[in-house]
$ cat model-v4.txt   # compact mmCIF, C-alpha atoms
# COMPACT_ATOMS: atom_id res chain seq x y z
CA MET A 975 0.00 0.00 0.00
CA PRO A 976 1.48 3.40 -0.94
CA PRO A 977 1.96 5.87 1.93
CA LYS A 978 -0.81 8.35 2.47
CA SER A 979 -0.01 11.83 1.24
CA LYS A 980 0.52 14.46 3.88
CA ALA A 981 -2.54 16.57 4.55
CA ASP A 982 -2.46 20.05 3.06
CA ASN A 983 -2.43 22.64 5.85
CA THR A 984 -1.91 25.70 3.66
CA ALA A 985 -5.21 27.26 4.77
CA MET A 986 -4.24 26.87 8.43
CA GLN A 987 -0.86 28.49 7.86
CA GLU A 988 -2.44 31.38 5.99
CA LEU A 989 -4.90 31.90 8.84
CA LYS A 990 -2.05 31.98 11.36
CA HIS A 991 -0.15 34.55 9.29
CA ALA A 992 -3.26 36.69 8.83
CA LEU A 993 -3.89 36.73 12.58
CA ARG A 994 -0.24 37.47 13.30
CA ASP A 995 -0.40 40.43 10.92
CA LYS A 996 -3.80 41.45 12.38
CA ASN A 997 -5.30 41.35 8.90
CA PRO A 998 -7.78 38.45 8.61
CA GLY A 999 -9.46 37.79 5.28
CA ARG A 1000 -13.07 38.42 4.37
CA LEU A 1001 -14.37 34.84 4.09
CA TYR A 1002 -13.57 31.68 6.07
CA LEU A 1003 -15.11 28.26 6.43
CA PHE A 1004 -14.10 26.35 9.59
CA HIS A 1005 -14.68 22.61 9.96
CA GLY A 1006 -12.97 19.52 11.33
CA GLU A 1007 -13.06 17.34 14.42
CA GLU A 1008 -10.46 19.23 16.49
CA VAL A 1009 -12.87 21.46 18.39
CA TYR A 1010 -10.14 22.87 20.64
CA LEU A 1011 -8.23 24.40 17.72
CA ARG A 1012 -11.38 25.64 16.04
CA SER A 1013 -12.51 27.41 19.22
CA TYR A 1014 -9.02 28.82 19.76
CA TYR A 1015 -8.82 30.41 16.30
CA LEU A 1016 -12.36 31.72 16.53
CA ASP A 1017 -11.39 33.47 19.75
CA GLN A 1018 -8.29 34.83 18.03
CA LEU A 1019 -10.46 36.23 15.24
CA LYS A 1020 -12.77 37.89 17.73
CA GLN A 1021 -9.88 39.44 19.65
CA THR A 1022 -8.29 40.70 16.45
CA LEU A 1023 -11.41 42.16 14.84
CA LEU A 1024 -13.60 43.30 17.72
CA PRO A 1025 -12.62 46.15 20.06
CA GLN A 1026 -13.17 45.22 23.67
CA GLY A 1027 -16.57 46.34 24.92
CA LEU A 1028 -18.01 46.77 21.43
CA GLU A 1029 -18.61 43.11 20.61
CA ASP A 1030 -22.40 43.48 20.76
CA PHE A 1031 -22.29 46.10 17.99
CA ASN A 1032 -19.83 44.43 15.63
CA LEU A 1033 -20.42 40.70 16.12
CA HIS A 1034 -23.41 39.19 14.30
CA THR A 1035 -24.20 35.51 14.91
CA ALA A 1036 -26.78 33.02 13.71
CA GLN A 1037 -27.41 29.28 13.90
CA GLY A 1038 -28.13 27.35 10.74
CA ARG A 1039 -31.76 26.62 11.57
CA ASP A 1040 -32.41 30.32 12.25
CA CYS A 1041 -30.35 31.63 9.36
CA SER A 1042 -31.09 32.49 5.75
CA VAL A 1043 -29.26 33.99 2.82
CA GLU A 1044 -31.22 37.20 3.40
CA TRP A 1045 -30.05 37.36 7.04
CA ILE A 1046 -26.43 36.87 5.93
CA GLU A 1047 -26.78 39.70 3.40
CA GLN A 1048 -28.24 42.04 6.03
CA ALA A 1049 -25.48 41.16 8.52
CA ILE A 1050 -22.82 41.83 5.90
CA ASP A 1051 -24.35 45.25 5.17
CA CYS A 1052 -24.14 46.32 8.84
CA LEU A 1053 -21.38 48.92 9.10
CA PRO A 1054 -18.87 48.65 11.95
CA MET A 1055 -19.35 50.90 14.99
CA MET A 1056 -16.18 52.45 16.43
CA SER A 1057 -14.24 49.63 14.79
CA GLN A 1058 -12.59 48.91 11.46
CA ARG A 1059 -14.21 45.50 10.96
CA THR A 1060 -17.29 43.45 11.73
CA LEU A 1061 -17.48 39.69 12.27
CA VAL A 1062 -20.42 37.69 10.91
CA LEU A 1063 -20.42 34.21 12.43
CA VAL A 1064 -22.80 31.58 11.01
CA THR A 1065 -22.87 28.12 12.62
CA ASP A 1066 -24.09 24.92 10.94
CA PHE A 1067 -25.60 26.58 7.87
CA ASP A 1068 -26.02 24.07 5.03
CA LEU A 1069 -24.43 26.05 2.21
CA TYR A 1070 -24.68 23.29 -0.36
CA GLY A 1071 -28.21 22.34 0.68
CA GLN A 1072 -29.71 25.64 -0.46
CA ASN A 1073 -31.78 25.89 -3.61
CA GLU A 1074 -30.21 27.11 -6.84
CA LYS A 1075 -31.44 30.70 -6.44
CA ALA A 1076 -30.00 30.92 -2.91
CA ARG A 1077 -26.66 29.47 -4.06
CA GLU A 1078 -26.43 32.03 -6.85
CA HIS A 1079 -27.18 34.76 -4.30
CA LEU A 1080 -24.40 33.45 -2.03
CA ILE A 1081 -21.93 33.40 -4.93
CA ALA A 1082 -22.73 37.05 -5.63
CA LEU A 1083 -22.29 37.93 -1.94
CA PHE A 1084 -18.93 36.14 -1.67
CA SER A 1085 -17.58 37.92 -4.73
CA SER A 1086 -18.41 41.37 -3.34
CA LEU A 1087 -17.76 41.16 0.39
CA PRO A 1088 -16.84 44.60 1.76
CA ASP A 1089 -13.38 45.10 3.24
CA TYR A 1090 -14.85 45.84 6.66
CA CYS A 1091 -16.59 42.44 6.96
CA CYS A 1092 -15.21 39.05 7.95
CA LEU A 1093 -17.75 36.31 7.23
CA VAL A 1094 -17.12 32.94 8.93
CA PHE A 1095 -19.11 29.73 8.44
CA VAL A 1096 -18.52 27.21 11.24
CA TYR A 1097 -19.48 23.55 11.02
CA ASP A 1098 -19.94 22.07 14.48
CA LEU A 1099 -22.83 19.60 14.70
CA LEU A 1100 -23.51 19.63 10.97
CA PRO A 1101 -20.87 17.74 8.92
CA TYR A 1102 -19.18 19.74 6.20
CA LYS A 1103 -19.71 18.08 2.82
CA ALA A 1104 -18.54 20.22 -0.06
CA ASP A 1105 -19.51 19.71 -3.67
CA GLY A 1106 -16.15 20.48 -5.20
CA ARG A 1107 -17.54 20.66 -8.72
CA SER A 1108 -20.14 23.33 -7.94
CA LYS A 1109 -19.94 27.04 -8.68
CA LEU A 1110 -20.43 27.73 -4.98
CA ALA A 1111 -17.34 25.71 -4.04
CA ALA A 1112 -15.36 27.57 -6.71
CA ALA A 1113 -16.56 30.91 -5.30
CA ILE A 1114 -15.51 29.94 -1.76
CA LYS A 1115 -12.09 28.87 -3.05
CA ALA A 1116 -11.67 32.07 -5.08
CA HIS A 1117 -12.75 34.53 -2.40
CA GLY A 1118 -12.16 32.73 0.89
CA SER A 1119 -10.37 29.99 2.75
CA VAL A 1120 -11.57 26.57 3.94
CA VAL A 1121 -9.74 25.62 7.15
CA ASP A 1122 -9.86 21.99 8.24
CA PHE A 1123 -9.13 21.64 11.97
CA ARG A 1124 -7.99 18.03 11.86
CA ARG A 1125 -6.26 15.98 14.52
CA GLN A 1126 -2.68 17.06 15.02
CA GLU A 1127 0.43 15.03 14.33
CA GLN A 1128 2.06 13.16 17.21
CA GLY A 1129 5.09 15.44 17.43
CA ASP A 1130 2.96 18.58 17.60
CA LEU A 1131 0.69 17.04 20.24
CA ILE A 1132 3.61 15.93 22.42
CA ASN A 1133 5.05 19.46 22.34
CA TRP A 1134 1.61 20.89 23.13
CA ILE A 1135 1.16 18.48 26.07
CA ALA A 1136 4.60 19.41 27.42
CA ARG A 1137 3.77 23.14 27.21
CA HIS A 1138 0.47 22.66 29.04
CA PHE A 1139 2.08 20.65 31.83
CA LYS A 1140 4.83 23.27 32.10
CA ALA A 1141 2.18 25.97 32.51
CA CYS A 1142 0.86 23.93 35.45
CA GLY A 1143 4.33 23.61 37.00
CA HIS A 1144 5.09 20.06 35.80
CA THR A 1145 7.20 18.22 33.25
CA ILE A 1146 6.48 14.99 31.38
CA SER A 1147 8.67 12.66 29.32
CA GLY A 1148 8.00 12.11 25.65
CA GLU A 1149 7.23 8.43 26.28
CA ASP A 1150 4.65 9.24 28.96
CA ALA A 1151 3.13 11.90 26.71
CA ARG A 1152 2.70 9.22 24.03
CA TYR A 1153 1.11 6.97 26.64
CA LEU A 1154 -1.32 9.75 27.57
CA LEU A 1155 -2.27 10.11 23.90
CA PHE A 1156 -2.83 6.37 23.64
CA LEU A 1157 -4.92 6.29 26.81
CA CYS A 1158 -7.09 9.36 26.29
CA GLY A 1159 -7.09 9.91 22.54
CA GLU A 1160 -5.69 12.67 20.37
CA LEU A 1161 -8.41 15.33 20.63
CA MET A 1162 -7.03 18.40 22.36
CA THR A 1163 -10.26 19.37 24.14
CA ASN A 1164 -10.28 16.11 26.09
CA LEU A 1165 -6.51 16.19 26.61
CA GLU A 1166 -6.69 19.68 28.11
CA SER A 1167 -9.16 18.42 30.71
CA GLU A 1168 -7.05 15.35 31.51
CA ILE A 1169 -3.86 17.42 31.81
CA GLY A 1170 -5.62 19.67 34.32
CA LYS A 1171 -6.67 16.68 36.46
CA ILE A 1172 -3.26 15.02 36.30
CA SER A 1173 -1.47 18.27 37.17
CA ALA A 1174 -3.70 18.76 40.21
CA TYR A 1175 -3.06 15.18 41.35
CA ALA A 1176 0.69 14.86 40.71
CA SER A 1177 2.78 15.55 43.81
CA GLY A 1178 6.15 15.80 42.10
CA GLU A 1179 7.40 18.09 39.39
CA ARG A 1180 7.74 15.15 36.99
CA VAL A 1181 4.43 13.59 35.96
CA THR A 1182 4.70 9.79 36.14
CA ARG A 1183 2.83 6.93 34.48
CA GLU A 1184 1.28 6.23 37.88
CA ASP A 1185 -0.09 9.80 38.05
CA ILE A 1186 -1.71 9.33 34.63
CA ASP A 1187 -3.25 5.97 35.50
CA ALA A 1188 -4.57 7.29 38.81
CA VAL A 1189 -6.88 10.00 37.45
CA ALA A 1190 -7.05 9.92 33.65
CA ILE A 1191 -10.21 8.47 32.09
CA PRO A 1192 -9.17 6.09 29.32
CA GLN A 1193 -11.13 5.70 26.10
CA ILE A 1194 -12.65 2.30 25.37
CA ASP A 1195 -10.14 1.57 22.60
CA ALA A 1196 -7.29 1.89 25.09
CA ILE A 1197 -9.04 -0.30 27.69
CA VAL A 1198 -9.78 -3.08 25.22
CA PHE A 1199 -6.26 -2.75 23.80
CA GLN A 1200 -4.89 -3.36 27.31
CA MET A 1201 -7.19 -6.38 27.71
CA THR A 1202 -6.19 -8.01 24.44
CA ASP A 1203 -2.55 -7.10 24.98
CA ALA A 1204 -2.75 -8.94 28.32
CA ILE A 1205 -3.84 -12.07 26.41
CA ALA A 1206 -0.88 -11.63 24.10
CA ARG A 1207 1.40 -11.46 27.14
CA LYS A 1208 -0.19 -14.55 28.75
CA ASN A 1209 -1.73 -12.54 31.59
CA PHE A 1210 -5.24 -13.99 31.51
CA ASP A 1211 -6.14 -12.79 35.02
CA LYS A 1212 -5.62 -9.16 34.00
CA ALA A 1213 -7.52 -9.66 30.74
CA ALA A 1214 -10.48 -11.21 32.57
CA SER A 1215 -10.46 -8.41 35.15
CA VAL A 1216 -10.52 -5.71 32.46
CA LEU A 1217 -13.39 -7.45 30.63
CA ALA A 1218 -15.38 -7.71 33.87
CA ASP A 1219 -14.88 -3.99 34.53
CA LEU A 1220 -15.99 -3.13 30.98
CA LEU A 1221 -19.16 -5.20 31.26
CA HIS A 1222 -19.89 -3.81 34.72
CA SER A 1223 -19.61 -0.26 33.33
CA GLN A 1224 -22.35 -1.10 30.79
CA GLU A 1225 -20.12 -0.91 27.72
CA ALA A 1226 -21.95 -2.51 24.79
CA PRO A 1227 -20.65 -6.07 24.20
CA LEU A 1228 -20.64 -5.53 20.43
CA MET A 1229 -18.51 -2.42 20.89
CA ILE A 1230 -16.06 -4.37 23.07
CA LEU A 1231 -15.89 -7.15 20.47
CA SER A 1232 -15.46 -4.63 17.66
CA VAL A 1233 -12.39 -3.14 19.32
CA MET A 1234 -11.05 -6.61 20.12
CA GLY A 1235 -11.43 -7.57 16.48
CA LYS A 1236 -9.57 -4.45 15.40
CA TYR A 1237 -6.72 -5.25 17.79
CA PHE A 1238 -6.28 -8.78 16.45
CA ARG A 1239 -6.44 -7.56 12.85
CA GLN A 1240 -3.69 -5.09 13.72
CA LEU A 1241 -1.74 -7.88 15.44
CA TYR A 1242 -2.13 -10.04 12.34
CA THR A 1243 -0.76 -7.32 10.06
CA ALA A 1244 2.05 -6.63 12.53
CA ARG A 1245 3.03 -10.32 12.31
CA LEU A 1246 2.87 -10.18 8.50
CA TYR A 1247 5.13 -7.12 8.46
CA LEU A 1248 7.65 -8.71 10.82
CA ASP A 1249 7.83 -11.77 8.55
CA ARG A 1250 8.58 -9.45 5.62
CA GLY A 1251 11.22 -7.42 7.41
CA MET A 1252 9.02 -4.35 7.88
CA GLY A 1253 8.08 -2.57 11.10
CA ARG A 1254 6.64 0.45 12.84
CA LYS A 1255 6.55 2.88 9.92
CA GLU A 1256 4.62 0.53 7.64
CA LEU A 1257 2.21 -0.52 10.42
CA MET A 1258 1.42 3.09 11.35
CA THR A 1259 0.85 3.98 7.70
CA LEU A 1260 -1.49 1.04 7.09
CA TRP A 1261 -3.64 1.76 10.16
CA ASN A 1262 -3.33 5.54 9.94
CA MET A 1263 -1.77 5.70 13.42
CA LYS A 1264 -0.42 9.02 14.62
CA ASN A 1265 0.92 7.60 17.89
CA SER A 1266 3.88 5.21 17.87
CA TYR A 1267 3.07 3.80 21.34
CA PRO A 1268 0.38 1.26 20.25
CA ALA A 1269 2.40 0.39 17.14
CA ASP A 1270 5.40 -0.56 19.28
CA LYS A 1271 3.18 -2.56 21.64
CA LEU A 1272 1.63 -4.45 18.71
CA LEU A 1273 5.00 -5.30 17.21
CA ASP A 1274 6.30 -6.53 20.58
CA ALA A 1275 3.21 -8.74 21.02
CA ALA A 1276 3.35 -10.01 17.43
CA ARG A 1277 6.83 -11.39 18.06
CA THR A 1278 5.33 -13.89 20.54
CA PHE A 1279 2.77 -15.34 18.08
CA SER A 1280 2.80 -17.26 14.83
CA LEU A 1281 0.91 -16.12 11.78
CA PRO A 1282 -1.59 -19.04 12.06
CA TRP A 1283 -2.50 -18.04 15.63
CA CYS A 1284 -3.06 -14.40 14.64
CA ARG A 1285 -5.24 -15.52 11.72
CA HIS A 1286 -7.21 -17.80 14.07
CA ALA A 1287 -7.83 -14.93 16.53
CA VAL A 1288 -9.18 -12.69 13.75
CA LEU A 1289 -11.50 -15.48 12.54
CA ARG A 1290 -12.83 -16.24 16.03
CA CYS A 1291 -13.65 -12.57 16.67
CA SER A 1292 -15.65 -12.53 13.45
CA GLN A 1293 -17.50 -15.73 14.38
CA THR A 1294 -18.23 -14.45 17.88
CA GLU A 1295 -20.03 -11.42 16.45
CA PHE A 1296 -22.69 -13.80 15.11
CA GLN A 1297 -22.88 -15.53 18.49
CA LEU A 1298 -23.46 -12.23 20.27
CA LYS A 1299 -26.28 -11.31 17.92
CA THR A 1300 -28.00 -14.69 18.34
CA ASN A 1301 -27.50 -15.23 22.09
CA TYR A 1302 -29.28 -12.27 23.63
CA GLY A 1303 -28.76 -12.05 27.38
CA GLN A 1304 -25.64 -14.21 27.31
CA GLU A 1305 -23.18 -11.56 26.11
CA ARG A 1306 -20.99 -11.83 29.21
CA GLU A 1307 -20.66 -15.60 28.82
CA VAL A 1308 -19.92 -15.35 25.09
CA LEU A 1309 -17.18 -12.74 25.52
CA THR A 1310 -15.65 -14.50 28.51
CA GLY A 1311 -15.63 -17.74 26.53
CA LEU A 1312 -13.82 -16.04 23.66
CA LEU A 1313 -11.26 -14.62 26.06
CA MET A 1314 -10.61 -18.04 27.63
CA GLU A 1315 -10.42 -19.70 24.21
CA LEU A 1316 -7.89 -17.18 22.90
CA ALA A 1317 -5.77 -17.55 26.02
CA ALA A 1318 -5.88 -21.36 25.81
CA GLY A 1319 -5.55 -21.33 22.04
CA ARG A 1320 -1.89 -20.48 22.28
CA LYS A 1321 -1.33 -24.18 22.99
CA ALA A 1322 -3.67 -25.44 20.28
CA ILE A 1323 -2.41 -23.22 17.46
CA PRO A 1324 1.33 -23.30 16.56
CA CYS A 1325 3.11 -20.20 17.94

$ encode --input "model-v4.txt" --output "structure tokens"
Amino acid sequence: MPPKSKADNTAMQELKHALRDKNPGRLYLFHGEEVYLRSYYLDQLKQTLLPQGLEDFNLHTAQGRDCSVEWIEQAIDCLPMMSQRTLVLVTDFDLYGQNEKAREHLIALFSSLPDYCCLVFVYDLLPYKADGRSKLAAAIKAHGSVVDFRRQEQGDLINWIARHFKACGHTISGEDARYLLFLCGELMTNLESEIGKISAYASGERVTREDIDAVAIPQIDAIVFQMTDAIARKNFDKAASVLADLLHSQEAPLMILSVMGKYFRQLYTARLYLDRGMGRKELMTLWNMKNSYPADKLLDAARTFSLPWCRHAVLRCSQTEFQLKTNYGQEREVLTGLLMELAAGRKAIPC
């Protein structure tokens, strides 16, 4: 499989430069799953464009369900009061879902936005789905900038985590920062909350793995990864304990099995790559991993298994999905049985 091309972040860089020069453009479209960054740059726009105390006069906002092309036009026409610019902020407005007349009207508006106005469309709850072949998309590209606030790369996140811990009076190693990313995910909004809790709990200057485990709330993928990794390391007691905790916390059995299946598919490909002399880089590319921590753990575990055993584990997870769907009320027994079988299967399948 060819490596995925690096995401284009030109629009983000242009936005940063415009804010640094205190000269934002006239049209922006913000979307993407990284809510923390999106909120940060919206705040930066507001601070740059709106004089303190005059926000009510120069900031015009509307939600998609309460908005119309006519409202947007009227907001654009509002002159700034004791300010050089106005900010028109429209959230979850379905640009491409408008009728043809409305789209033509929007195209005309975008091509003649006044210098004093900054018009920003934000996609929060409504997914952004652009029709790249449409005249409207061409108008947005010609007169504005579409900024995708995507998940950040591992190196950038580790530096960001270190800066946030430093602001709280702590330090953290790169390895433990990667562990935190693995445990809590890569979205900065959630990480900011977890960093605050860990900083309040940690007694020493250096944040330890024990500090993270004590207060951080792990995502289900990380919990199930730890469970299946325990099987790989022949620690059935830990695996059974993690499964019991997951079921007790009312996690959906199908969700647990789905993540287990993903783990064993990743383990299978890790074993394939090891047999072909490949390693971390190829595994991370195939599974679109940004964090090297789980990739290293998978490769370490794969070294203890044969390819037939990994293939068997993938097959049994697939078969167990049917069992779960046809044995209502016995989900705990089905999943526990799979766990015991996989642990015992090391002896039955050549390793």

$ atom_distance --input "model-v4.txt" --atom1 "atom CA of A:Tyr1097" --atom2 "atom CA of A:Gln1048"
21.1 Å

$ closest_residue --input "model-v4.txt" --among "A:Leu1080, A:Leu1217, A:Ala985, A:Leu1154" --to "A:Thr1310" --atoms "all atoms listed in the file"
A:Leu1217

$ atom_distance --input "model-v4.txt" --atom1 "atom CA of A:Ile1230" --atom2 "atom CA of A:Ala1287"
14.9 Å

$ residues_around --input "model-v4.txt" --residues "A:Pro1227" --least-positions-apart "4" --cutoff "10 Å" --atoms "all atoms listed in the file" --output "PDB file with C-alpha atoms, in the frame of the given file"
ATOM      1  CA  LEU A1217     -13.390  -7.450  30.630  1.00  0.00           C
ATOM      2  CA  LEU A1220     -15.990  -3.130  30.980  1.00  0.00           C
ATOM      3  CA  LEU A1221     -19.160  -5.200  31.260  1.00  0.00           C
ATOM      4  CA  LEU A1231     -15.890  -7.150  20.470  1.00  0.00           C
ATOM      5  CA  SER A1232     -15.460  -4.630  17.660  1.00  0.00           C
ATOM      6  CA  GLU A1295     -20.030 -11.420  16.450  1.00  0.00           C
ATOM      7  CA  LEU A1298     -23.460 -12.230  20.270  1.00  0.00           C
ATOM      8  CA  LYS A1299     -26.280 -11.310  17.920  1.00  0.00           C
ATOM      9  CA  GLU A1305     -23.180 -11.560  26.110  1.00  0.00           C
ATOM     10  CA  ARG A1306     -20.990 -11.830  29.210  1.00  0.00           C
ATOM     11  CA  VAL A1308     -19.920 -15.350  25.090  1.00  0.00           C
ATOM     12  CA  LEU A1309     -17.180 -12.740  25.520  1.00  0.00           C
TER      13      LEU A1309
END

$ residues_around --input "model-v4.txt" --residues "A:Ile1191" --least-positions-apart "6" --cutoff "12 Å" --atoms "all atoms listed in the file" --output "ChimeraX atom specification"
/A:1154-1159,1164-1165,1167-1169,1171-1172,1185,1197

$ atom_distance --input "model-v4.txt" --atom1 "atom CA of A:Leu1241" --atom2 "atom CA of A:Gly1253"
12.0 Å

$ residues_around --input "model-v4.txt" --residues "A:Arg1077" --least-positions-apart "4" --cutoff "12 Å" --atoms "only C-alpha atoms" --output "PyMOL selection string"
chain A and resi 1042-1044+1068-1073+1081-1084+1108-1114

$ closest_residue --input "model-v4.txt" --among "A:Met1234, A:Val1121, A:Leu1001, A:Leu1028" --to "A:Val1064" --atoms "all atoms listed in the file"
A:Leu1001

$ closest_residue --input "model-v4.txt" --among "A:Gln1193, A:Ser1223, A:Thr1022, A:Ala1276" --to "A:Lys990" --atoms "all atoms listed in the file"
A:Thr1022

$ residues_around --input "model-v4.txt" --residues "A:Thr1243" --least-positions-apart "3" --cutoff "12 Å" --atoms "only C-alpha atoms" --output "JSON, numbers by chain"
{"A": [1236, 1237, 1238, 1239, 1240, 1246, 1247, 1248, 1249, 1250, 1252, 1253, 1254, 1256, 1257, 1258, 1259, 1260, 1261, 1269, 1272, 1273, 1275, 1276, 1277, 1279, 1280, 1281, 1282, 1284, 1285, 1288]}

$ closest_residue --input "model-v4.txt" --among "A:Ala1318, A:Ala1196, A:Val1094, A:Ala1116" --to "A:Phe1004" --atoms "only C-alpha atoms"
A:Val1094

$ closest_residue --input "model-v4.txt" --among "A:Cys1052, A:Ala1244, A:Leu1093, A:Leu1100" --to "A:Leu1016" --atoms "all atoms listed in the file"
A:Leu1093
